[in-house]
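*Asks:* Structure file upload_22.txt, compact mmCIF, C-alpha atoms, is pasted below:
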# COMPACT_ATOMS: atom_id res chain seq x y z
CA MET D 1 109.52 90.42 201.94
CA ASN D 2 111.41 89.03 204.95
CA THR D 3 114.84 90.42 205.78
CA LEU D 4 117.64 88.18 204.57
CA ARG D 5 120.17 86.97 207.15
CA PRO D 6 123.81 86.03 206.45
CA GLY D 7 122.85 82.41 207.09
CA ASP D 8 120.10 82.47 204.48
CA ALA D 9 120.83 80.60 201.29
CA MET D 10 120.98 83.62 199.02
CA LEU D 11 123.44 85.59 201.13
CA THR D 12 125.46 82.45 201.80
CA ASP D 13 125.74 81.82 198.07
CA TRP D 14 126.80 85.40 197.49
CA ARG D 15 129.40 85.19 200.25
CA ASP D 16 130.81 82.08 198.58
CA ALA D 17 130.85 83.99 195.29
CA ALA D 18 132.66 86.90 196.96
CA THR D 19 135.31 84.47 198.20
CA ARG D 20 135.73 83.07 194.68
CA PHE D 21 135.92 86.63 193.37
CA GLU D 22 138.82 87.38 195.71
CA ARG D 23 140.62 84.21 194.64
CA GLU D 24 140.25 85.16 190.98
CA ILE D 25 141.62 88.66 191.59
CA ALA D 26 144.57 87.17 193.47
CA LYS D 27 145.56 85.29 190.30
CA ALA D 28 146.48 88.62 188.73
CA VAL D 29 147.55 90.63 191.77
CA VAL D 30 149.94 88.91 194.17
CA GLY D 31 150.82 90.05 197.66
CA GLN D 32 147.83 92.41 197.92
CA GLU D 33 145.42 90.36 200.02
CA ARG D 34 144.38 93.29 202.22
CA ALA D 35 143.77 95.59 199.24
CA ILE D 36 141.69 92.88 197.54
CA ARG D 37 139.59 92.36 200.66
CA LEU D 38 139.03 96.10 201.08
CA VAL D 39 138.01 96.50 197.44
CA THR D 40 135.57 93.61 197.88
CA ILE D 41 134.12 95.34 200.94
CA ALA D 42 133.79 98.57 198.95
CA ILE D 43 131.97 96.74 196.14
CA PHE D 44 129.35 95.31 198.49
CA ALA D 45 129.15 98.58 200.44
CA ARG D 46 128.47 100.38 197.13
CA GLY D 47 131.22 102.96 197.73
CA HIS D 48 133.82 104.64 195.56
CA VAL D 49 137.54 104.17 196.22
CA MET D 50 140.71 106.25 196.06
CA LEU D 51 143.78 104.06 195.58
CA GLU D 52 147.05 105.24 197.09
CA GLY D 53 150.44 103.93 196.06
CA ASP D 54 153.56 104.41 194.00
CA VAL D 55 153.69 103.89 190.25
CA GLY D 56 153.85 100.26 189.15
CA VAL D 57 152.46 98.54 192.25
CA GLY D 58 149.49 97.04 190.39
CA LYS D 59 146.61 99.51 190.82
CA THR D 60 145.50 99.30 187.19
CA THR D 61 145.97 95.52 187.09
CA LEU D 62 143.84 95.21 190.22
CA LEU D 63 141.01 97.26 188.72
CA ARG D 64 141.08 95.46 185.39
CA ALA D 65 140.82 92.18 187.28
CA VAL D 66 137.97 93.57 189.40
CA ALA D 67 136.08 94.67 186.28
CA ARG D 68 136.53 91.24 184.70
CA GLY D 69 135.38 89.49 187.86
CA LEU D 70 132.31 91.72 188.02
CA GLY D 71 131.45 91.14 184.40
CA GLY D 72 130.55 94.77 183.71
CA ALA D 73 132.19 97.30 181.44
CA TYR D 74 135.49 98.95 182.37
CA GLU D 75 136.70 102.41 181.37
CA ARG D 76 139.89 104.25 182.24
CA VAL D 77 140.86 107.89 181.71
CA GLU D 78 144.13 109.70 182.34
CA GLY D 79 143.99 113.03 184.13
CA THR D 80 145.64 115.87 182.22
CA VAL D 81 145.92 119.58 182.90
CA ASP D 82 144.03 120.45 179.70
CA MET D 83 141.15 118.02 180.29
CA MET D 84 137.68 119.55 180.26
CA PRO D 85 134.49 118.15 181.84
CA THR D 86 133.03 117.53 178.39
CA ASP D 87 135.94 115.17 177.62
CA LEU D 88 134.31 112.67 179.96
CA ILE D 89 130.99 112.91 178.12
CA TYR D 90 131.85 113.15 174.42
CA HIS D 91 134.61 113.83 171.93
CA THR D 92 134.50 115.51 168.54
CA TYR D 93 136.51 114.87 165.40
CA LEU D 94 136.42 115.38 161.65
CA GLY D 95 135.19 112.44 159.61
CA GLU D 96 136.70 111.32 156.33
CA ASP D 97 134.19 113.55 154.54
CA GLY D 98 135.47 116.57 156.44
CA ARG D 99 132.28 116.96 158.47
CA PRO D 100 132.39 117.15 162.28
CA ARG D 101 131.43 114.04 164.25
CA VAL D 102 130.43 113.63 167.89
CA GLU D 103 130.83 110.33 169.73
CA PRO D 104 130.23 109.34 173.35
CA GLY D 105 133.15 109.79 175.71
CA PRO D 106 134.40 107.28 178.32
CA VAL D 107 131.50 107.82 180.73
CA LEU D 108 128.83 107.21 178.08
CA ARG D 109 130.64 104.79 175.77
CA GLN D 110 129.40 101.74 177.66
CA ALA D 111 126.18 103.45 178.78
CA GLU D 112 124.31 101.74 181.61
CA ASP D 113 126.63 98.70 181.53
CA LEU D 114 129.53 100.75 182.96
CA SER D 115 130.67 99.03 186.13
CA VAL D 116 134.23 100.18 186.93
CA PHE D 117 135.46 103.65 186.02
CA PHE D 118 139.14 104.32 186.79
CA PHE D 119 140.39 107.91 186.85
CA ASN D 120 144.18 107.72 186.81
CA GLU D 121 146.05 110.68 188.33
CA ILE D 122 142.86 112.53 189.17
CA ASN D 123 144.80 115.48 190.58
CA ARG D 124 146.19 116.19 187.10
CA ALA D 125 142.69 117.27 186.06
CA ARG D 126 141.18 120.63 186.93
CA PRO D 127 138.50 121.24 189.60
CA GLN D 128 135.82 121.56 186.91
CA VAL D 129 136.47 117.94 185.94
CA HIS D 130 136.43 116.89 189.58
CA ALA D 131 133.05 118.57 190.00
CA LEU D 132 131.46 116.57 187.19
CA LEU D 133 133.01 113.32 188.39
CA LEU D 134 131.78 113.93 191.94
CA ARG D 135 128.26 114.53 190.64
CA ILE D 136 128.36 111.27 188.71
CA MET D 137 129.64 109.52 191.83
CA ALA D 138 126.90 110.96 194.02
CA GLU D 139 123.97 110.55 191.64
CA ARG D 140 125.19 107.73 189.37
CA SER D 141 123.63 109.62 186.48
CA VAL D 142 124.42 112.38 183.99
CA ALA D 143 122.41 114.36 181.46
CA ALA D 144 123.73 114.48 177.89
CA PHE D 145 122.41 114.44 174.31
CA ASN D 146 118.92 115.42 175.51
CA ARG D 147 118.53 112.41 177.75
CA GLU D 148 119.55 111.17 181.17
CA TYR D 149 122.02 108.30 181.47
CA ARG D 150 121.91 106.21 184.63
CA PHE D 151 124.71 104.02 185.94
CA PRO D 152 123.15 101.91 188.70
CA ASN D 153 126.16 99.62 189.00
CA LEU D 154 128.91 102.22 188.69
CA GLN D 155 131.86 102.36 191.05
CA VAL D 156 134.53 104.99 190.59
CA PHE D 157 138.17 104.30 191.43
CA ALA D 158 140.83 106.98 191.30
CA ASP D 159 144.42 107.55 192.23
CA ARG D 160 146.60 110.61 192.67
CA ASN D 161 150.07 111.57 191.51
CA ARG D 162 151.82 111.83 194.87
CA VAL D 163 155.27 112.80 193.58
CA GLU D 164 154.93 115.80 191.29
CA ARG D 165 153.37 119.04 192.50
CA GLU D 166 153.48 121.17 189.38
CA GLU D 167 150.30 121.34 187.33
CA THR D 168 148.32 119.31 189.83
CA PHE D 169 145.03 120.20 191.51
CA GLU D 170 144.47 118.43 194.81
CA LEU D 171 140.95 117.40 195.66
CA PRO D 172 139.45 119.51 198.46
CA ALA D 173 138.43 117.84 201.68
CA ALA D 174 134.74 117.79 200.75
CA ALA D 175 135.58 115.96 197.53
CA ARG D 176 137.70 113.31 199.23
CA ASP D 177 134.86 112.73 201.68
CA ARG D 178 132.81 111.35 198.76
CA PHE D 179 135.13 108.34 198.55
CA LEU D 180 134.15 105.49 200.84
CA MET D 181 137.77 104.43 201.25
CA GLU D 182 141.32 105.43 200.52
CA ILE D 183 143.19 102.15 200.10
CA GLY D 184 146.97 102.03 200.17
CA MET D 185 148.89 99.71 197.85
CA GLU D 186 152.59 99.05 198.27
CA ALA D 187 154.97 96.63 196.61
CA PRO D 188 154.57 93.27 198.39
CA ARG D 189 157.13 92.58 201.10
CA ASP D 190 156.97 88.81 200.83
CA ALA D 191 160.14 87.60 199.12
CA GLU D 192 158.37 84.96 197.02
CA ALA D 193 155.77 87.48 195.79
CA ARG D 194 158.55 89.91 194.83
CA ARG D 195 160.41 87.15 192.99
CA SER D 196 157.27 86.20 191.04
CA LEU D 197 156.51 89.76 190.00
CA VAL D 198 160.05 90.27 188.70
CA PHE D 199 160.92 86.91 187.15
CA ASP D 200 157.62 85.17 186.27
CA PRO D 201 156.83 86.12 182.63
CA ARG D 202 153.07 85.82 183.14
CA PHE D 203 153.12 89.00 185.23
CA HIS D 204 154.77 90.90 182.38
CA ASP D 205 151.81 90.63 179.99
CA THR D 206 148.75 92.19 181.60
CA ASP D 207 146.40 91.27 178.77
CA ARG D 208 147.21 87.56 179.04
CA LEU D 209 147.15 87.82 182.81
CA MET D 210 143.56 89.03 182.63
CA GLU D 211 142.59 85.91 180.69
CA ALA D 212 143.39 83.84 183.78
CA VAL D 213 140.83 85.77 185.84
CA GLY D 214 137.38 84.22 185.79
CA ALA D 215 134.85 86.50 184.11
CA GLY D 216 131.54 87.39 185.69
CA VAL D 217 132.13 85.66 189.03
CA LEU D 218 129.81 88.27 190.52
CA ASP D 219 126.69 89.51 188.76
CA HIS D 220 127.27 93.27 188.84
CA GLU D 221 123.62 93.98 188.07
CA ARG D 222 122.46 92.27 191.28
CA ILE D 223 125.07 93.58 193.72
CA GLY D 224 122.97 96.63 194.64
CA ALA D 225 120.13 94.46 195.95
CA ILE D 226 122.51 92.16 197.81
CA ALA D 227 124.32 95.15 199.31
CA SER D 228 121.02 96.42 200.70
CA ALA D 229 120.20 93.00 202.14
CA ILE D 230 123.58 92.87 203.89
CA GLN D 231 123.00 96.25 205.54
CA HIS D 232 119.61 95.15 206.85
CA SER D 233 120.77 91.74 208.03
CA VAL D 234 123.89 92.55 210.06
CA ARG D 235 122.94 94.04 213.41
CA ALA D 236 124.84 96.37 215.75
CA GLU D 237 124.15 95.85 219.44
CA GLY D 238 124.16 98.72 221.94
CA PRO D 239 127.76 98.24 223.12
CA ILE D 240 129.02 98.32 219.53
CA GLU D 241 127.05 101.48 218.82
CA ALA D 242 128.58 103.09 221.92
CA TYR D 243 132.04 101.92 220.79
CA VAL D 244 131.66 103.54 217.37
CA VAL D 245 130.48 106.81 218.91
CA GLY D 246 133.41 106.68 221.33
CA LEU D 247 135.90 106.19 218.50
CA TRP D 248 134.29 109.06 216.61
CA GLU D 249 134.52 111.41 219.61
CA ALA D 250 138.14 110.48 220.28
CA LEU D 251 139.12 110.99 216.64
CA VAL D 252 137.54 114.45 216.37
CA ARG D 253 138.40 115.69 219.88
CA PRO D 254 141.47 113.68 220.93
CA ALA D 255 142.45 116.08 223.72
CA SER D 256 139.08 115.61 225.43
CA VAL D 257 139.77 111.90 226.01
CA GLY D 258 143.36 112.38 227.12
CA ILE D 259 145.21 111.49 223.90
CA ARG D 260 148.68 112.99 223.71
CA LEU D 261 151.06 112.83 220.77
CA SER D 262 154.64 113.97 221.13
CA GLY D 263 155.34 117.49 219.90
CA ILE D 264 151.72 118.19 218.90
CA ASP D 265 149.23 120.67 220.34
CA MET D 266 146.29 118.29 220.67
CA GLU D 267 143.81 121.12 221.21
CA ARG D 268 144.64 122.47 217.73
CA LEU D 269 145.46 119.26 215.83
CA VAL D 270 142.07 118.36 214.33
CA GLN D 271 140.40 121.20 212.45
CA GLY D 272 137.31 119.25 211.43
CA GLY D 273 135.99 116.36 209.43
CA ALA D 274 134.82 112.85 210.31
CA SER D 275 131.24 113.84 209.51
CA PRO D 276 128.15 111.75 210.29
CA ARG D 277 128.24 110.61 206.66
CA GLY D 278 131.76 109.32 207.17
CA VAL D 279 130.82 107.40 210.32
CA ALA D 280 127.78 105.96 208.53
CA PHE D 281 130.16 104.78 205.77
CA LEU D 282 132.32 103.21 208.49
CA VAL D 283 129.41 101.16 209.82
CA ARG D 284 128.34 100.27 206.29
CA ALA D 285 131.78 98.88 205.46
CA ALA D 286 132.03 97.10 208.82
CA ARG D 287 128.73 95.31 208.20
CA VAL D 288 130.05 93.98 204.90
CA ARG D 289 133.20 92.81 206.65
CA ALA D 290 131.11 90.97 209.26
CA TRP D 291 129.06 89.33 206.47
CA LEU D 292 132.21 88.20 204.68
CA GLU D 293 133.33 86.65 207.96
CA GLY D 294 130.03 84.75 208.19
CA ARG D 295 128.38 86.72 211.01
CA ASP D 296 125.13 88.65 211.28
CA TRP D 297 126.38 90.85 214.12
CA LEU D 298 129.18 93.40 214.41
CA VAL D 299 132.22 92.94 216.63
CA PRO D 300 134.90 95.54 217.43
CA GLU D 301 137.34 93.98 214.96
CA ASP D 302 134.91 94.66 212.11
CA ILE D 303 135.07 98.37 212.95
CA ARG D 304 138.83 98.43 213.46
CA ALA D 305 139.53 96.46 210.27
CA VAL D 306 138.12 99.20 208.02
CA PHE D 307 138.58 102.25 210.26
CA PRO D 308 141.88 103.60 208.82
CA GLU D 309 140.80 103.32 205.18
CA VAL D 310 137.35 104.82 205.81
CA MET D 311 138.16 107.52 208.37
CA ALA D 312 141.77 108.68 207.92
CA HIS D 313 141.10 110.86 204.86
CA ARG D 314 138.12 112.42 206.61
CA VAL D 315 140.24 113.97 209.38
CA PHE D 316 141.18 117.55 208.52
CA LEU D 317 144.29 118.77 210.34
CA GLU D 318 145.45 122.28 211.12
CA PRO D 319 147.61 123.51 208.22
CA VAL D 320 150.75 123.50 210.36
CA TYR D 321 150.39 119.72 210.73
CA GLU D 322 149.06 118.89 207.26
CA MET D 323 152.48 118.27 205.71
CA ARG D 324 153.05 115.52 208.31
CA ARG D 325 149.63 113.90 207.72
CA ALA D 326 151.08 110.55 206.63
CA GLU D 327 152.87 110.29 209.97
CA ILE D 328 150.38 111.94 212.32
CA VAL D 329 147.03 110.42 211.30
CA PRO D 330 148.06 106.75 211.63
CA GLU D 331 149.58 107.57 215.01
CA LEU D 332 146.37 109.32 216.03
CA ILE D 333 144.25 106.33 214.98
CA ARG D 334 146.45 103.95 216.97
CA ALA D 335 146.05 106.21 220.00
CA VAL D 336 142.28 106.27 219.50
CA PHE D 337 142.17 102.45 219.45
CA ASP D 338 144.33 102.30 222.59
CA THR D 339 142.22 104.87 224.43
CA VAL D 340 138.63 103.82 223.67
CA PRO D 341 137.84 100.51 225.41
CA ALA D 342 136.35 97.82 223.16
CA PRO D 343 133.22 96.03 224.42
Would you encode the structure as C-alpha cells?

*Replies:*
Amino acid sequence: MNTLRPGDAMLTDWRDAATRFEREIAKAVVGQERAIRLVTIAIFARGHVMLEGDVGVGKTTLLRAVARGLGGAYERVEGTVDMMPTDLIYHTYLGEDGRPRVEPGPVLRQAEDLSVFFFNEINRARPQVHALLLRIMAERSVAAFNREYRFPNLQVFADRNRVEREETFELPAAARDRFLMEIGMEAPRDAEARRSLVFDPRFHDTDRLMEAVGAGVLDHERIGAIASAIQHSVRAEGPIEAYVVGLWEALVRPASVGIRLSGIDMERLVQGGASPRGVAFLVRAARVRAWLEGRDWLVPEDIRAVFPEVMAHRVFLEPVYEMRRAEIVPELIRAVFDTVPAP
C-alpha cells in the first residue's frame, strides 16, 4: 500500500470533512475557534484532552457537539469523593423482585461504540479511579464480566475543579503526561459572542442546540486509519527536527541557553518533565495541524501553534515556583520561542 499524501483524494476529502466538522461544532459553541481547532487536532492525533476553564464556559456543550459530529457514543461521569473504580465499570441495584442486579457502568454501557468519554471534575475522584481511567486511556481496553472490552475509537476528555481544594485529589505529573493536550477555555471576549450567549434563547437550551449540529460528519470508526496516514504523509525536514530539539532543550534547561526570568533562579526552576513521549506528541499534533492547513511538510508555526497546549503541563517546576505555574510557564514558553531561532 502506497503512503497517502495530503494532496491525495482520500486525505483531501477527510480534510474537507474536518473543516465541516469544525463549522458544525461552531454552531453550538461560539467564540471558541482556537479550542475547536485544538480539539480537532487532538481527534486526528488520537490523543486524550484535559479541558481547563471556569464553570459555565461551554466545556460540556463543546464535547456533546464533538460526540454528535463524530457519530459515536458519548458518556459523561461526575467525579465525587466516594467514587470507586468499579463505578466506571458496573453498578448494582435491587430489582422489583428484591434480587440484586448488575448492569454495565458508563465505560461499558455503549461497549465498543464509545467514542467520547467526559470525566467532569476528575480531581474530585480518588487516585484509585484515576489509575483505572489512565489504564483505559493507555490501552483503550478493560477486562470485565469475564471478557475483554476494546474501545478502538475512544477519546477521553476531562476537566478539573480549579477553585475548591477540599476533598480534591490532584493528578500526579505522570498522570497528566498521559493527556495529549491541556486546552484552556475562557468566556469569549468578542462583544457580539458575549451578547449572543446571554440574550439568544437558542444558547439556553443545550438539547435543542445539539439538534443544530450535523450528526456523523466524521466517521469515528475510520479516524484511526486516517490518523496513521496523516502521520506517515507529513514530513519533517532536518531544520525542523533541529528546531524541535532546540525548543525541547531550552524548555528543560532554560539557563543553559541564556533564558532569564525576573526573580527566578533559572538553574532550579525546572525540576523535570517534557519527556521524549511528550515531544513525540508535540510532533504528532503539529503534523495534524500541517495537514489541516493543506501541507505535507512541517513549518515552525505548526510546532508553535500546539506547543503550549502539548508541552506546558509536562514541565515540572520546583515546588517553590509551583504555585505561580500559571504565570511562570507561559512566560517561559514565550522566552523559549524568542531564544531558539526558527529555520

*Asks:* Could you name the residues that touch D:Val217 at 7 Å or less, counting all atoms listed in the file, but leaving out those on the same chain fewer than 6 positions away, as a PyMOL selection string?

*Replies:* chain D and resi 17+21+69-70

*Asks:* So which residues touch stretch 282-292 of chain D within 7 Å, counting all atoms listed in the file, skipping near sequence neighbours fewer than 5 positions away, as a list in words?

*Replies:*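 Residues near the query, excluding close chain neighbours: Pro6, Arg15, Ile41, Ala42, Phe44, Ala45, Ile230, Gln231, Val234, Trp297, Leu298, Asp302, Ile303, Val306, Phe307 and Val310 of chain D.
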
*Asks:* Quick one: residues within 10 Å of stretch 319-326 of chain D, all atoms listed in the file counted, chain neighbours fewer than 6 positions away excluded, as a ChimeraX atom specification?

*Replies:* /D:264-265,268-271,312-313

*Asks:* With distances taken over all atoms listed in the file, which residue among D:Val55, D:Ala229, D:Val142, D:Met84 lies nearest D:Glu121?

*Replies:* D:Val55

*Asks:* Let me make sure I understand: among D:Glu170, D:Glu112, D:Glu182, D:Glu148, which one has the smallest atom-to-atom distance to D:Gly53 if we use all atoms listed in the file?

*Replies:*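 Among the listed residues, D:Glu182 lies closest to D:Gly53.
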
*Asks:* Could you work out how far atom CA of D:Thr61 lies from atom CA of D:Thr206, giving the answer in Å with one decimal?

*Replies:*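 So the answer is 7.0 Å.
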
*Asks:* Mind checking which residues fall within 8 Å of stretch 184-196 of chain D, counting only C-alpha atoms, ignoring those fewer than 3 positions away in the same chain, and posting them as an mmCIF file with C-alpha atoms, keeping the file's coordinate frame?

*Replies:*
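And here's out_24.cif as it stands now:
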data_model
loop_
_atom_site.group_PDB
_atom_site.id
_atom_site.type_symbol
_atom_site.label_atom_id
_atom_site.label_comp_id
_atom_site.auth_asym_id
_atom_site.auth_seq_id
_atom_site.Cartn_x
_atom_site.Cartn_y
_atom_site.Cartn_z
ATOM 1 C CA VAL D 30 149.940 88.910 194.170
ATOM 2 C CA GLY D 31 150.820 90.050 197.660
ATOM 3 C CA GLN D 32 147.830 92.410 197.920
ATOM 4 C CA ALA D 35 143.770 95.590 199.240
ATOM 5 C CA LEU D 51 143.780 104.060 195.580
ATOM 6 C CA GLU D 52 147.050 105.240 197.090
ATOM 7 C CA GLY D 53 150.440 103.930 196.060
ATOM 8 C CA ASP D 54 153.560 104.410 194.000
ATOM 9 C CA VAL D 57 152.460 98.540 192.250
ATOM 10 C CA GLY D 58 149.490 97.040 190.390
ATOM 11 C CA LYS D 59 146.610 99.510 190.820
ATOM 12 C CA PHE D 199 160.920 86.910 187.150
ATOM 13 C CA ASP D 200 157.620 85.170 186.270
ATOM 14 C CA PHE D 203 153.120 89.000 185.230
#

*Asks:* Just give me the residues with any atom within 8 Å of (137.7, 117.3, 184.1), file coordinates, counting all atoms listed in the file, written as a ChimeraX atom specification.

*Replies:* /D:79,83-88,125-133

*Asks:* Which one of D:Arg23, D:Arg150, D:His232, D:Arg37 sits closest to D:Leu114 if you count all atoms listed in the file?

*Replies:*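 The closest residue to D:Leu114 is D:Arg150.
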
*Asks:* Using atom CA of D:Ile223 and atom CA of D:Arg68 as the two end points, give the distance in Å to one decimal.

*Replies:*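 Spanning atom CA of D:Ile223 to atom CA of D:Arg68 is a straight-line distance of 14.8 Å.
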
*Asks:* Choose the residue, out of D:Ser233, D:Thr80, D:Thr339, D:Ser275, that has the smallest atom-to-atom separation from D:Asp296; count only C-alpha atoms.

*Replies:* D:Ser233

*Asks:* Using all atoms listed in the file, can you tell me which of D:Asp338, D:Glu139, D:Glu24, D:Glu96 comes closest to D:Leu247?

*Replies:*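 Among the listed residues, the smallest separation from D:Leu247 belongs to D:Asp338.
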
*Asks:* Of the candidates D:Ser228, D:Arg176, D:Gly258, D:Glu33, which one gets nearest to D:Ala274 if we count all atoms listed in the file?

*Replies:*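 For D:Ala274, the nearest of the given residues is D:Arg176.
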
*Asks:* Got a moment to write stretch 277-290 of chain D out with N, CA, C and O atoms, as a CSV table (one decimal), in the first residue's frame?

*Replies:*
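Result went into out21.csv, see below:
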chain,number,residue,atom,x,y,z
D,277,ARG,N,8.3,11.1,25.2
D,277,ARG,CA,6.9,10.9,24.8
D,277,ARG,C,6.2,12.2,24.5
D,277,ARG,O,5.4,12.3,23.6
D,278,GLY,N,6.4,13.2,25.4
D,278,GLY,CA,5.7,14.5,25.2
D,278,GLY,C,6.2,15.2,24.0
D,278,GLY,O,5.3,15.7,23.2
D,279,VAL,N,7.4,15.1,23.6
D,279,VAL,CA,7.9,15.7,22.4
D,279,VAL,C,7.4,15.0,21.2
D,279,VAL,O,7.1,15.6,20.1
D,280,ALA,N,7.3,13.7,21.3
D,280,ALA,CA,6.7,12.9,20.2
D,280,ALA,C,5.2,13.3,20.0
D,280,ALA,O,4.8,13.4,18.8
D,281,PHE,N,4.5,13.5,21.1
D,281,PHE,CA,3.1,14.0,21.0
D,281,PHE,C,3.1,15.4,20.3
D,281,PHE,O,2.2,15.7,19.5
D,282,LEU,N,4.1,16.2,20.6
D,282,LEU,CA,4.1,17.6,20.0
D,282,LEU,C,4.2,17.4,18.5
D,282,LEU,O,3.5,18.1,17.8
D,283,VAL,N,5.1,16.6,18.0
D,283,VAL,CA,5.3,16.4,16.6
D,283,VAL,C,4.1,15.8,16.0
D,283,VAL,O,3.6,16.2,14.9
D,284,ARG,N,3.5,14.9,16.7
D,284,ARG,CA,2.2,14.3,16.2
D,284,ARG,C,1.1,15.3,16.0
D,284,ARG,O,0.5,15.3,14.9
D,285,ALA,N,0.9,16.1,17.0
D,285,ALA,CA,-0.1,17.2,16.9
D,285,ALA,C,0.3,18.2,15.8
D,285,ALA,O,-0.6,18.7,15.0
D,286,ALA,N,1.5,18.5,15.7
D,286,ALA,CA,2.0,19.5,14.6
D,286,ALA,C,1.7,19.0,13.2
D,286,ALA,O,1.4,19.7,12.3
D,287,ARG,N,1.9,17.7,13.0
D,287,ARG,CA,1.7,17.1,11.7
D,287,ARG,C,0.2,17.2,11.3
D,287,ARG,O,-0.1,17.5,10.2
D,288,VAL,N,-0.7,17.0,12.3
D,288,VAL,CA,-2.1,17.1,12.0
D,288,VAL,C,-2.4,18.6,11.7
D,288,VAL,O,-3.2,18.9,10.8
D,289,ARG,N,-1.8,19.5,12.4
D,289,ARG,CA,-2.0,20.9,12.1
D,289,ARG,C,-1.6,21.3,10.7
D,289,ARG,O,-2.3,22.0,10.0
D,290,ALA,N,-0.4,20.7,10.3
D,290,ALA,CA,0.1,21.0,8.9
D,290,ALA,C,-0.9,20.4,7.9
D,290,ALA,O,-1.2,21.1,6.9
